[in-house]
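This is upload-v4.cif. It holds mmCIF, C-alpha atoms and all ligand atoms.
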data_data
loop_
_atom_site.label_atom_id
_atom_site.label_comp_id
_atom_site.auth_asym_id
_atom_site.auth_seq_id
_atom_site.Cartn_x
_atom_site.Cartn_y
_atom_site.Cartn_z
CA MET A 682 11.84 -27.51 -41.03
CA ARG A 683 12.33 -29.05 -44.46
CA TYR A 684 11.48 -32.70 -45.02
CA SER A 685 14.28 -35.24 -44.89
CA PRO A 686 13.73 -38.38 -46.99
CA ASN A 687 15.44 -40.36 -44.24
CA ALA A 688 13.39 -39.09 -41.30
CA SER A 689 11.46 -42.34 -40.86
CA LEU A 690 14.69 -44.32 -40.40
CA VAL A 691 15.93 -42.56 -37.28
CA GLY A 692 16.46 -44.84 -34.33
CA PHE A 693 16.01 -48.19 -36.06
CA PRO A 694 18.93 -50.58 -35.64
CA GLY A 695 20.73 -51.02 -38.96
CA SER A 696 18.90 -48.07 -40.50
CA ALA A 697 22.05 -46.32 -41.76
CA LYS A 698 22.38 -49.06 -44.38
CA ARG A 699 18.96 -48.20 -45.82
CA ILE A 700 19.51 -44.51 -46.10
CA THR A 701 18.54 -42.65 -49.29
CA THR A 702 21.78 -41.58 -50.93
CA PRO A 703 23.76 -39.49 -51.65
CA ALA A 704 23.77 -38.54 -47.98
CA LEU A 705 26.26 -36.66 -45.85
CA MET A 706 26.96 -38.79 -42.81
CA VAL A 707 28.61 -37.96 -39.52
CA ASP A 708 30.19 -40.63 -37.35
CA TYR A 709 28.86 -39.37 -34.02
CA ALA A 710 31.53 -41.00 -31.86
CA LYS A 711 34.33 -39.47 -33.94
CA LEU A 712 32.63 -36.07 -34.03
CA LYS A 713 32.29 -36.04 -30.24
CA ALA A 714 35.90 -37.20 -29.85
CA ASN A 715 37.12 -34.37 -32.14
CA ILE A 716 35.15 -31.80 -30.18
CA ALA A 717 36.35 -33.10 -26.81
CA GLN A 718 39.94 -33.33 -28.03
CA MET A 719 39.97 -29.70 -29.23
CA THR A 720 38.27 -28.42 -26.06
CA GLU A 721 40.90 -30.19 -23.98
CA ARG A 722 43.84 -28.92 -26.07
CA CYS A 723 42.57 -25.34 -25.78
CA ARG A 724 42.07 -25.74 -22.04
CA GLU A 725 45.62 -27.05 -21.62
CA VAL A 726 47.18 -23.98 -23.28
CA GLY A 727 44.74 -21.39 -21.94
CA LEU A 728 43.13 -20.54 -25.28
CA ALA A 729 39.41 -19.90 -25.58
CA LEU A 730 37.77 -21.75 -28.47
CA ARG A 731 35.33 -20.03 -30.80
CA PRO A 732 35.11 -22.66 -33.54
CA HIS A 733 34.25 -21.54 -37.04
CA GLY A 734 30.66 -22.35 -37.96
CA LYS A 735 31.42 -22.02 -41.68
CA THR A 736 32.68 -25.60 -41.55
CA HIS A 737 29.30 -27.09 -40.64
CA LYS A 738 26.67 -24.32 -40.99
CA CYS A 739 24.63 -26.31 -38.50
CA THR A 740 23.12 -24.89 -35.32
CA ARG A 741 22.81 -28.31 -33.68
CA LEU A 742 26.50 -28.93 -34.15
CA ALA A 743 27.44 -25.47 -32.85
CA GLU A 744 25.31 -26.15 -29.76
CA LEU A 745 27.33 -29.30 -29.15
CA GLN A 746 30.59 -27.34 -29.42
CA ILE A 747 29.32 -24.69 -27.01
CA ALA A 748 28.04 -27.31 -24.55
CA SER A 749 31.52 -28.82 -24.60
CA GLY A 750 33.15 -25.52 -23.60
CA ALA A 751 33.43 -23.29 -26.69
CA VAL A 752 32.80 -19.61 -25.90
CA GLY A 753 30.61 -19.23 -28.97
CA VAL A 754 30.85 -19.75 -32.69
CA CYS A 755 32.28 -17.81 -35.63
CA ALA A 756 30.23 -16.94 -38.70
CA ALA A 757 31.86 -16.37 -42.09
CA THR A 758 29.38 -13.83 -43.43
CA GLY A 759 26.75 -11.40 -42.25
CA ARG A 760 24.02 -13.75 -43.36
CA GLU A 761 25.59 -16.72 -41.60
CA GLY A 762 25.71 -14.57 -38.45
CA ILE A 763 22.04 -13.69 -38.91
CA ALA A 764 21.11 -17.38 -39.30
CA PHE A 765 23.03 -18.36 -36.16
CA ALA A 766 21.61 -15.45 -34.16
CA ARG A 767 18.06 -16.24 -35.23
CA ALA A 768 18.65 -19.83 -34.13
CA GLY A 769 19.59 -18.51 -30.67
CA LEU A 770 23.32 -19.25 -30.68
CA THR A 771 25.47 -17.09 -28.41
CA GLY A 772 29.00 -15.70 -28.67
CA ILE A 773 28.72 -15.17 -32.42
CA LEU A 774 31.72 -13.47 -34.03
CA ILE A 775 31.21 -12.55 -37.67
CA THR A 776 34.72 -12.87 -39.04
CA ALA A 777 34.28 -10.83 -42.23
CA PRO A 778 33.62 -7.09 -42.31
CA VAL A 779 29.90 -6.69 -43.14
CA VAL A 780 29.40 -3.81 -45.55
CA GLN A 781 25.93 -4.36 -47.05
CA TYR A 782 23.22 -2.18 -45.53
CA THR A 783 20.51 -4.86 -45.54
CA GLN A 784 22.68 -7.18 -43.47
CA ILE A 785 23.88 -4.43 -41.17
CA ASP A 786 20.27 -3.38 -40.50
CA GLU A 787 19.16 -6.93 -39.73
CA LEU A 788 22.13 -7.57 -37.46
CA VAL A 789 21.49 -4.28 -35.64
CA ARG A 790 17.87 -5.32 -35.18
CA LEU A 791 18.95 -8.69 -33.73
CA HIS A 792 21.48 -6.91 -31.49
CA ALA A 793 18.70 -4.63 -30.22
CA GLU A 794 16.66 -7.73 -29.39
CA GLY A 795 19.54 -9.00 -27.27
CA ALA A 796 21.45 -11.25 -29.68
CA ASP A 797 25.07 -11.88 -28.66
CA ILE A 798 26.95 -10.78 -31.78
CA SER A 799 30.40 -9.27 -32.36
CA ILE A 800 31.66 -7.89 -35.65
CA VAL A 801 34.97 -7.02 -37.27
CA ILE A 802 35.91 -3.73 -38.91
CA ASP A 803 38.75 -3.21 -41.36
CA HIS A 804 38.10 0.32 -42.64
CA PRO A 805 36.68 3.54 -41.14
CA GLU A 806 33.94 3.52 -43.80
CA VAL A 807 32.69 0.15 -42.51
CA ALA A 808 32.58 1.57 -38.97
CA ARG A 809 30.61 4.58 -40.26
CA ARG A 810 28.03 2.32 -41.89
CA TRP A 811 27.54 0.43 -38.64
CA GLU A 812 27.37 3.59 -36.53
CA LYS A 813 24.72 5.01 -38.81
CA ALA A 814 22.58 1.90 -38.42
CA LEU A 815 23.19 1.79 -34.65
CA ALA A 816 22.14 5.42 -34.08
CA GLY A 817 20.08 5.63 -30.89
CA SER A 818 21.22 2.23 -29.62
CA THR A 819 21.94 2.11 -25.91
CA ARG A 820 24.00 -1.09 -25.98
CA PRO A 821 27.33 -0.70 -27.83
CA LEU A 822 28.00 -3.48 -30.33
CA PRO A 823 31.32 -5.29 -29.72
CA ALA A 824 33.74 -4.86 -32.63
CA LEU A 825 37.23 -6.19 -33.32
CA VAL A 826 39.79 -4.62 -35.62
CA ASP A 827 40.33 -7.03 -38.52
CA VAL A 828 44.05 -7.09 -39.32
CA ASP A 829 45.60 -8.35 -42.56
CA ILE A 830 48.72 -10.30 -41.63
CA GLY A 831 49.54 -11.39 -45.16
CA MET A 832 46.54 -12.99 -46.79
CA ASN A 833 45.43 -9.78 -48.53
CA ARG A 834 41.72 -10.59 -48.38
CA THR A 835 40.27 -8.33 -45.71
CA GLY A 836 41.84 -6.50 -42.80
CA ALA A 837 43.72 -3.32 -42.01
CA LEU A 838 46.96 -3.45 -43.96
CA THR A 839 49.30 -1.48 -41.70
CA PRO A 840 49.75 -0.97 -37.94
CA GLU A 841 48.76 2.68 -38.49
CA ALA A 842 45.52 1.67 -40.20
CA ALA A 843 44.76 -0.77 -37.36
CA LEU A 844 45.45 1.94 -34.79
CA GLU A 845 43.14 4.37 -36.59
CA ILE A 846 40.27 1.87 -36.47
CA ALA A 847 40.94 0.87 -32.85
CA THR A 848 40.93 4.56 -31.86
CA LEU A 849 37.70 5.12 -33.74
CA LEU A 850 36.10 2.16 -31.94
CA LYS A 851 37.43 3.26 -28.56
CA ASN A 852 35.86 6.70 -29.05
CA SER A 853 32.56 5.37 -30.36
CA ALA A 854 29.44 5.38 -28.20
CA LEU A 855 27.78 2.85 -30.48
CA LEU A 856 30.60 0.33 -31.11
CA LYS A 857 32.68 -1.23 -28.34
CA TYR A 858 36.39 -1.81 -28.98
CA SER A 859 36.83 -5.48 -28.05
CA GLY A 860 40.09 -6.53 -29.64
CA VAL A 861 41.73 -7.76 -32.80
CA GLN A 862 41.12 -10.49 -35.34
CA ALA A 863 43.89 -11.84 -37.58
CA TYR A 864 43.27 -14.89 -39.75
CA SER A 865 45.46 -16.23 -42.51
CA GLY A 866 43.90 -18.82 -44.79
CA ARG A 867 46.45 -19.89 -47.34
CA VAL A 868 49.06 -21.05 -44.88
CA GLN A 869 46.62 -23.50 -43.25
CA HIS A 870 47.22 -26.12 -45.92
CA ILE A 871 51.00 -25.99 -46.23
CA ASN A 872 51.49 -29.71 -45.69
CA ASP A 873 54.89 -29.75 -44.04
CA PHE A 874 54.78 -28.49 -40.46
CA ALA A 875 58.18 -26.74 -40.50
CA GLU A 876 57.38 -24.96 -43.77
CA ARG A 877 54.01 -23.87 -42.47
CA ARG A 878 55.52 -22.57 -39.24
CA LYS A 879 58.09 -20.58 -41.22
CA ALA A 880 55.56 -18.96 -43.58
CA TYR A 881 53.08 -18.27 -40.79
CA GLY A 882 55.83 -17.03 -38.45
CA VAL A 883 56.43 -14.07 -40.77
CA GLN A 884 52.73 -13.24 -40.57
CA LEU A 885 52.61 -13.60 -36.78
CA ASP A 886 55.50 -11.14 -36.58
CA ARG A 887 53.33 -8.64 -38.47
CA LEU A 888 50.55 -9.25 -35.97
CA LYS A 889 52.93 -8.72 -33.04
CA THR A 890 53.93 -5.34 -34.50
CA VAL A 891 50.28 -4.32 -34.70
CA LEU A 892 49.61 -5.45 -31.13
CA GLU A 893 52.66 -3.57 -29.84
CA LYS A 894 51.45 -0.41 -31.56
CA LEU A 895 47.99 -0.77 -30.02
CA ARG A 896 49.41 -1.43 -26.55
CA ALA A 897 51.77 1.53 -26.84
CA ASN A 898 48.73 3.70 -27.52
CA GLY A 899 46.69 2.47 -24.57
CA LEU A 900 44.58 0.17 -26.73
CA ALA A 901 45.60 -3.27 -25.48
CA PRO A 902 43.12 -5.71 -27.02
CA GLU A 903 41.04 -7.86 -24.73
CA ILE A 904 40.46 -10.47 -27.45
CA VAL A 905 42.97 -11.60 -30.07
CA SER A 906 41.07 -14.04 -32.28
CA GLY A 907 42.27 -16.10 -35.23
CA GLY A 908 43.82 -19.30 -36.48
CA GLY A 909 42.51 -22.42 -38.13
CA THR A 910 43.01 -26.16 -37.84
CA GLY A 911 46.22 -25.97 -39.88
CA THR A 912 47.88 -23.40 -37.63
CA PHE A 913 46.37 -24.60 -34.36
CA ALA A 914 49.57 -26.24 -33.08
CA ILE A 915 51.46 -23.00 -33.80
CA ASP A 916 48.79 -20.69 -32.37
CA ALA A 917 48.59 -22.83 -29.23
CA VAL A 918 52.17 -22.05 -28.25
CA ALA A 919 52.67 -18.61 -29.86
CA GLY A 920 51.26 -16.75 -26.86
CA ILE A 921 49.63 -14.16 -29.13
CA PHE A 922 46.00 -15.24 -29.47
CA THR A 923 43.43 -15.38 -26.72
CA GLU A 924 41.14 -17.60 -28.78
CA SER A 925 41.18 -20.01 -31.72
CA GLN A 926 38.74 -19.95 -34.64
CA ALA A 927 39.62 -23.47 -35.87
CA GLY A 928 36.75 -25.08 -37.76
CA SER A 929 37.68 -28.06 -39.91
CA TYR A 930 38.90 -30.15 -36.96
CA VAL A 931 35.29 -31.25 -36.30
CA PHE A 932 35.05 -33.09 -39.63
CA MET A 933 38.46 -33.23 -41.31
CA ASP A 934 38.64 -33.82 -45.06
CA VAL A 935 40.92 -35.16 -47.78
CA GLU A 936 42.76 -31.80 -48.00
CA TYR A 937 43.56 -31.78 -44.29
CA ALA A 938 44.50 -35.47 -44.29
CA ALA A 939 47.66 -34.46 -46.16
CA VAL A 940 48.60 -31.74 -43.66
CA GLN A 941 50.99 -32.59 -40.84
CA LEU A 942 49.13 -30.75 -38.09
CA PHE A 943 51.56 -31.33 -35.23
CA PRO A 944 55.35 -31.60 -35.43
CA ALA A 945 55.83 -34.84 -33.51
CA MET A 946 52.56 -36.71 -33.48
CA THR A 947 49.89 -38.03 -35.81
CA ASN A 948 46.89 -35.82 -36.47
CA PRO A 949 44.66 -35.98 -33.40
CA TRP A 950 41.43 -35.30 -35.27
CA GLN A 951 39.70 -38.07 -37.17
CA HIS A 952 37.51 -37.96 -40.25
CA SER A 953 34.00 -37.79 -38.84
CA LEU A 954 32.30 -36.63 -42.07
CA PHE A 955 31.75 -38.80 -45.11
CA LEU A 956 29.35 -39.10 -47.98
CA ARG A 957 27.42 -42.29 -48.53
CA ALA A 958 26.76 -43.03 -52.22
CA SER A 959 25.15 -46.00 -53.96
CA VAL A 960 26.35 -48.10 -56.85
CA VAL A 961 23.74 -47.40 -59.54
CA SER A 962 25.36 -49.19 -62.48
CA ALA A 963 27.95 -51.96 -62.73
CA ASN A 964 27.91 -52.82 -66.44
CA VAL A 965 31.30 -51.59 -67.54
CA PRO A 966 34.29 -53.81 -66.74
CA GLY A 967 36.82 -52.17 -64.41
CA GLN A 968 34.45 -49.59 -62.95
CA VAL A 969 31.16 -49.05 -61.18
CA THR A 970 29.06 -45.90 -61.36
CA VAL A 971 27.95 -44.20 -58.12
CA ASN A 972 25.25 -41.57 -57.65
CA ALA A 973 27.47 -38.78 -56.31
CA GLY A 974 29.24 -36.32 -58.60
CA ILE A 975 30.01 -32.64 -58.65
CA LYS A 976 26.61 -31.72 -57.16
CA SER A 977 27.52 -33.78 -54.09
CA PHE A 978 31.11 -32.73 -53.47
CA ALA A 979 33.08 -29.53 -53.61
CA THR A 980 35.58 -29.86 -56.42
CA ASP A 981 38.21 -27.32 -55.39
CA GLY A 982 40.33 -29.85 -53.54
CA PRO A 983 41.69 -33.30 -54.28
CA ALA A 984 39.25 -36.05 -55.33
CA PRO A 985 37.21 -37.74 -52.59
CA THR A 986 38.80 -40.91 -51.25
CA ILE A 987 37.25 -44.24 -50.32
CA TYR A 988 36.38 -44.74 -46.67
CA GLY A 989 35.77 -47.99 -44.90
CA ASP A 990 35.71 -51.49 -46.26
CA THR A 991 32.92 -51.12 -48.81
CA ALA A 992 35.29 -50.59 -51.73
CA PRO A 993 38.89 -50.84 -50.53
CA GLY A 994 41.68 -49.97 -52.96
CA MET A 995 39.37 -48.20 -55.40
CA LEU A 996 39.75 -44.71 -56.73
CA TYR A 997 36.91 -42.24 -57.06
CA GLU A 998 36.66 -40.03 -60.16
CA PHE A 999 34.13 -37.28 -60.83
CA TYR A 1000 31.94 -38.43 -63.71
CA GLY A 1001 29.32 -35.75 -64.18
CA ASP A 1002 26.88 -33.66 -62.17
CA GLU A 1003 25.10 -36.58 -60.55
CA TYR A 1004 27.69 -39.33 -61.01
CA GLY A 1005 31.11 -40.50 -60.05
CA ARG A 1006 32.88 -43.70 -60.90
CA LEU A 1007 34.93 -46.05 -58.81
CA ILE A 1008 37.90 -47.40 -60.68
CA LEU A 1009 38.22 -50.97 -59.52
CA ASP A 1010 41.26 -52.56 -58.03
CA PRO A 1011 41.74 -55.87 -59.89
CA ASP A 1012 42.54 -57.62 -56.59
CA THR A 1013 39.34 -56.72 -54.77
CA VAL A 1014 35.81 -57.94 -55.24
CA PRO A 1015 33.83 -55.22 -57.07
CA PRO A 1016 30.89 -53.71 -55.19
CA VAL A 1017 27.55 -54.98 -56.49
CA LEU A 1018 24.70 -52.96 -57.95
CA GLY A 1019 22.72 -51.30 -55.18
CA SER A 1020 25.48 -51.51 -52.56
CA THR A 1021 26.84 -48.40 -50.88
CA ALA A 1022 30.25 -46.78 -50.99
CA ASP A 1023 31.50 -44.28 -48.44
CA LEU A 1024 33.73 -41.41 -49.45
CA PHE A 1025 35.68 -38.78 -47.55
CA THR A 1026 34.87 -35.30 -48.78
CA SER A 1027 37.56 -33.35 -50.58
CA HIS A 1028 36.97 -29.97 -48.88
CA CYS A 1029 34.43 -30.10 -46.09
CA ASP A 1030 33.19 -26.47 -45.94
CA PRO A 1031 31.93 -26.02 -49.52
CA THR A 1032 30.70 -29.64 -49.59
CA ILE A 1033 28.46 -28.93 -46.60
CA ASN A 1034 26.93 -26.01 -48.46
CA LEU A 1035 25.61 -28.44 -51.13
CA HIS A 1036 23.52 -30.47 -48.68
CA ASP A 1037 20.45 -30.03 -46.47
CA TRP A 1038 21.12 -32.65 -43.81
CA LEU A 1039 23.77 -34.23 -41.66
CA HIS A 1040 22.90 -37.86 -40.97
CA ILE A 1041 24.24 -38.74 -37.56
CA VAL A 1042 25.22 -42.39 -37.28
CA GLU A 1043 26.37 -44.67 -34.51
CA GLY A 1044 27.64 -47.85 -36.08
CA ASP A 1045 24.91 -48.98 -38.48
CA THR A 1046 22.16 -46.94 -36.90
CA LEU A 1047 20.94 -43.54 -38.00
CA VAL A 1048 20.46 -41.86 -34.61
CA ASP A 1049 19.53 -38.34 -35.68
CA ILE A 1050 19.28 -35.93 -38.62
CA TRP A 1051 20.52 -32.36 -38.20
CA GLU A 1052 19.52 -29.63 -40.59
CA ILE A 1053 22.36 -27.67 -42.22
CA ASP A 1054 20.27 -24.62 -41.46
CA ALA A 1055 22.76 -21.95 -42.51
CA ARG A 1056 23.26 -23.61 -45.88
CA GLY A 1057 23.26 -21.23 -48.81
CA VAL A 1058 23.48 -18.03 -46.80
CA LEU A 1059 26.42 -16.21 -48.30
CA GLY A 1060 27.81 -12.72 -48.56
CA SER A 1061 28.77 -9.89 -46.28
C1 LIG B 1 38.23 -16.30 -40.70
C2 LIG B 1 38.40 -17.77 -40.55
N1 LIG B 1 38.70 -18.29 -39.35
C3 LIG B 1 38.85 -19.62 -39.16
C4 LIG B 1 38.67 -20.52 -40.20
C5 LIG B 1 38.77 -22.00 -39.92
O1 LIG B 1 39.85 -22.60 -40.55
P1 LIG B 1 39.95 -24.19 -40.66
O2 LIG B 1 38.76 -24.65 -41.41
O3 LIG B 1 41.21 -24.37 -41.39
O4 LIG B 1 39.98 -24.74 -39.28
C6 LIG B 1 38.38 -20.02 -41.48
C7 LIG B 1 38.25 -20.95 -42.61
O5 LIG B 1 38.23 -20.62 -43.77
C8 LIG B 1 38.23 -18.62 -41.66
O6 LIG B 1 37.93 -18.10 -42.87
#
Kindly present the structure from the file in structure tokens form.
Ligand SMILES: Cc1ncc(COP(=O)(O)O)c(C=O)c1O
Amino acid sequence: MRYSPNASLVGFPGSAKRITTPALMVDYAKLKANIAQMTERCREVGLALRPHGKTHKCTRLAELQIASGAVGVCAATGREGIAFARAGLTGILITAPVVQYTQIDELVRLHAEGADISIVIDHPEVARRWEKALAGSTRPLPALVDVDIGMNRTGALTPEAALEIATLLKNSALLKYSGVQAYSGRVQHINDFAERRKAYGVQLDRLKTVLEKLRANGLAPEIVSGGGTGTFAIDAVAGIFTESQAGSYVFMDVEYAAVQLFPAMTNPWQHSLFLRASVVSANVPGQVTVNAGIKSFATDGPAPTIYGDTAPGMLYEFYGDEYGRLILDPDTVPPVLGSTADLFTSHCDPTINLHDWLHIVEGDTLVDIWEIDARGVLGS
């Protein structure tokens, strides 16, 4: 395990205030509430939950989700799947087709050792690569047909293409046909619920056509996996999926704060993730400089926003690799040199990938530090 500069602070009352910054922090109570809330919602509507591990890349957090009732965890890439399998996680579904031989070989090796991994296939050539690597295996590797319902990233494009792959899997002695995956990313962040439901509805109709074709050919899928936090409320009542892959609900971020997740209620998931920064210079009137810039936050979304009462009413601006600045509100007392400022992350998934540690806090106390152990493992 790598060394955390904050390791010596764990367990001491008030220790979260003395933390070395910039530091990614997790409000433990809110995290646990988010996990419990999602488990309960899935239970109510009869959906299994296989949360996406790409959000947190952290085995400890995935273990918490599984202990609370999740059937496993999704991995975004072959290498993320390898990291989770090596860490002993179960119910791992790698949600991207893995095409690189080195990753296929390693995953086959882990499968032979008993790892609980499923894969997705979106082209006969991908299936061939896996079958080649699995030659001689006595335990078929579960595989889902990845279906493109409108995102045009991966997935079989037509019902006929999906049927061809499902048939290939059904007839394979080395791969086990286990169902279908259909995920659509872009619609997740359509802010207005009705607009999102409309755009996604067209895509779900495509999925229904694929499922009908498979059923008509004796290939009814056991698992239909997909969905994210943005479409959860739609997936929960659509009656199409058997499981949800939602991920961001555990943390939430500035992007998702703008999305109306449910039609007639406020968003049930709270921001549990934030970044603690320190004021490192306060010489310029109207602003203070903090020690968190574009090496601390993903920059693909909106700017981070201020959290808590450390710097109310102020606006964060990126101000270099290692720096940001807080534009002061004339009506509030400016934060002093050396004080901390807490910020919600713009887009949680890529922000996580910039950090080594999640600092778990209860009130003012740092209660634990979890390694972001699948950080930096990319590519399928
Ligand atoms: C395949 C897949 N499933 C599920 C998710 C989780 O979506 P969200 O973070 O919106 O909950 C993602 C996120 O990118 C994804 O790529």
message = Can you pull out the residues contacting Asp803 (chain A)? Cut-off 9 Å, using all atoms listed in the file, and skip same-chain residues under 6 positions away; I want them as a list in words.
response =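 The residues that qualify are Ala777, Pro778, Leu825, Val826, Asp827, Val828, Asp829, Thr835, Gly836, Ala837, Leu838, Ala842, Ala843 and Ile846 of chain A.
Going from CA of Val883 (chain A) over to CA of Thr839 (chain A), you cover 14.5 Å.
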request  = Identify which of the residues A:Glu761, A:Glu744, A:Asp708, A:Glu841 lies closest to Leu892 (chain A), counting all atoms listed in the file when measuring atom-to-atom distances.
outcome  =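 That would be A:Glu841, the residue with the smallest distance to Leu892 (chain A).
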task = Would you mind telling me which residue in A:Gln941, A:Thr912, A:Thr1013, A:Gln784 lies nearest to ligand LIG 1 (chain B) when using only C-alpha atoms and all ligand atoms?
result =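 Of all the options, A:Thr912 lies closest to ligand LIG 1 (chain B).
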task = Can you tell me which residues come within 10 Å of ligand LIG 1 (chain B) when counting all atoms listed in the file, ideally as a VMD selection string?
result = chain A and resid 731 to 737 755 to 758 774 to 777 827 835 862 to 870 906 to 913 925 to 934 937 1028 to 1030
task = Using all atoms listed in the file, give me every residue within 6 Å of (34.8, -44.4, -51.9) in file coordinates, as a ChimeraX atom specification.
result = /A:986-988,997,1022-1024
key: CA of Val905 (chain A) to CA of Ala1055 (chain A), distance in Å rounded to a single decimal   =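 It comes out at 25.9 Å.
Proximity to Gln951 (chain A) was assessed for A:Lys711, A:His1040, A:Arg820, A:Arg699 counting all atoms listed in the file; the smallest distance is recorded for A:Lys711.
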request  = Could you tell me which of A:Ile830, A:Cys739, A:Ala766, A:Ala808 comes closest to Arg887 (chain A) if we count all atoms listed in the file?
outcome  =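 Using all atoms listed in the file, the shortest distance to Arg887 (chain A) belongs to A:Ile830.
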Return as AutoDock Vina command-line options the box centre and box size in Å, one decimal, for an axis-aligned box around all listed atoms of region 917-933 of chain A padded by 6 Å per side.
--center_x 43.9 --center_y -23.7 --center_z -34.0 --size_x 29.6 --size_y 31.1 --size_z 26.6
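Taking CA of Ile1053 (chain A) and CA of Ile773 (chain A) as endpoints, the distance between them is 17.1 Å.
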ask   = What lies within 12 Å of Phe693 (chain A) using only C-alpha atoms, ignoring chain neighbours under 2 positions off, as number ranges by chain?
value = A: 687-691, 695-700, 1042-1049
request  = Find the residues around Asp1054 (chain A) up to 9 Å (only C-alpha atoms counted), leave out those fewer than 5 positions away in its own chain, and share them as a list in words.
outcome  =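 Close residues of Asp1054 (chain A): Met682, Lys738, Cys739, Thr740, Arg741, Ala764, Phe765, Ala768, Asp1037 and Trp1038 of chain A.
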ask   = Neighbours of His792 (chain A) within 10 Å (only C-alpha atoms; same-chain residues fewer than 6 positions away dropped), as a VMD selection string?
value = chain A and resid 766 786 798 to 799 815 818 820 to 822
Just the selected residues (C-alpha atoms), exported as a PDB file, in the coordinates of the input, please.
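The result, written out as again_39.pdb:
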ATOM      1  CA  ALA A 766      21.610 -15.450 -34.160  1.00  0.00           C
ATOM      2  CA  ASP A 786      20.270  -3.380 -40.500  1.00  0.00           C
ATOM      3  CA  ILE A 798      26.950 -10.780 -31.780  1.00  0.00           C
ATOM      4  CA  SER A 799      30.400  -9.270 -32.360  1.00  0.00           C
ATOM      5  CA  LEU A 815      23.190   1.790 -34.650  1.00  0.00           C
ATOM      6  CA  SER A 818      21.220   2.230 -29.620  1.00  0.00           C
ATOM      7  CA  ARG A 820      24.000  -1.090 -25.980  1.00  0.00           C
ATOM      8  CA  PRO A 821      27.330  -0.700 -27.830  1.00  0.00           C
ATOM      9  CA  LEU A 822      28.000  -3.480 -30.330  1.00  0.00           C
TER      10      LEU A 822
END
query = Any idea what's packed within 8 Å of Pro902 (chain A), counting all atoms listed in the file, ignoring anything in its chain fewer than 5 positions away? Could you give it as a ChimeraX atom specification?
reply = /A:859-861,892,895-896
message = (26.0, -3.1, -29.9) in this file's frame - what residues fall within 12 Å of it? Use only C-alpha atoms and give the answer as a ChimeraX atom specification.
response = /A:785,788-800,811-812,814-824,850,853-859
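Proximity ranking of A:Ala714, A:Val801, A:Ala729, A:Ile1041 relative to Gly759 (chain A) places A:Val801 first, based on all atoms listed in the file.
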task = Considering all atoms listed in the file, state which residue in the set A:Leu712, A:Ala973, A:Ile763, A:Val780 is at the smallest distance from Gln746 (chain A).
result =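 Using all atoms listed in the file, the shortest distance to Gln746 (chain A) belongs to A:Leu712.
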Could you give me region 996-1007 of chain A completed to N, CA and C atoms, formatted as a PDB file, keeping the file's coordinate frame?
ATOM      1  N   LEU A 996      39.552 -46.147 -56.597  1.00  0.00           N
ATOM      2  CA  LEU A 996      39.750 -44.710 -56.730  1.00  0.00           C
ATOM      3  C   LEU A 996      38.460 -44.081 -57.227  1.00  0.00           C
ATOM      4  N   TYR A 997      38.105 -42.970 -56.613  1.00  0.00           N
ATOM      5  CA  TYR A 997      36.910 -42.240 -57.060  1.00  0.00           C
ATOM      6  C   TYR A 997      37.316 -41.219 -58.115  1.00  0.00           C
ATOM      7  N   GLU A 998      36.481 -41.099 -59.154  1.00  0.00           N
ATOM      8  CA  GLU A 998      36.660 -40.030 -60.160  1.00  0.00           C
ATOM      9  C   GLU A 998      35.329 -39.330 -60.360  1.00  0.00           C
ATOM     10  N   PHE A 999      35.357 -38.000 -60.467  1.00  0.00           N
ATOM     11  CA  PHE A 999      34.130 -37.280 -60.830  1.00  0.00           C
ATOM     12  C   PHE A 999      33.712 -37.729 -62.222  1.00  0.00           C
ATOM     13  N   TYR A1000      32.395 -37.942 -62.405  1.00  0.00           N
ATOM     14  CA  TYR A1000      31.940 -38.430 -63.710  1.00  0.00           C
ATOM     15  C   TYR A1000      30.620 -37.770 -64.101  1.00  0.00           C
ATOM     16  N   GLY A1001      30.526 -36.474 -63.806  1.00  0.00           N
ATOM     17  CA  GLY A1001      29.320 -35.750 -64.180  1.00  0.00           C
ATOM     18  C   GLY A1001      28.662 -35.102 -62.978  1.00  0.00           C
ATOM     19  N   ASP A1002      27.570 -34.383 -63.244  1.00  0.00           N
ATOM     20  CA  ASP A1002      26.880 -33.660 -62.170  1.00  0.00           C
ATOM     21  C   ASP A1002      26.396 -34.605 -61.084  1.00  0.00           C
ATOM     22  N   GLU A1003      25.725 -35.668 -61.520  1.00  0.00           N
ATOM     23  CA  GLU A1003      25.100 -36.580 -60.550  1.00  0.00           C
ATOM     24  C   GLU A1003      25.887 -37.868 -60.344  1.00  0.00           C
ATOM     25  N   TYR A1004      26.991 -38.038 -61.043  1.00  0.00           N
ATOM     26  CA  TYR A1004      27.690 -39.330 -61.010  1.00  0.00           C
ATOM     27  C   TYR A1004      29.186 -39.223 -60.734  1.00  0.00           C
ATOM     28  N   GLY A1005      29.667 -40.296 -60.148  1.00  0.00           N
ATOM     29  CA  GLY A1005      31.110 -40.500 -60.050  1.00  0.00           C
ATOM     30  C   GLY A1005      31.366 -41.933 -60.466  1.00  0.00           C
ATOM     31  N   ARG A1006      32.627 -42.280 -60.673  1.00  0.00           N
ATOM     32  CA  ARG A1006      32.880 -43.700 -60.900  1.00  0.00           C
ATOM     33  C   ARG A1006      34.010 -44.171 -60.015  1.00  0.00           C
ATOM     34  N   LEU A1007      33.884 -45.445 -59.603  1.00  0.00           N
ATOM     35  CA  LEU A1007      34.930 -46.050 -58.810  1.00  0.00           C
ATOM     36  C   LEU A1007      35.746 -46.920 -59.742  1.00  0.00           C
TER      37      LEU A1007
END
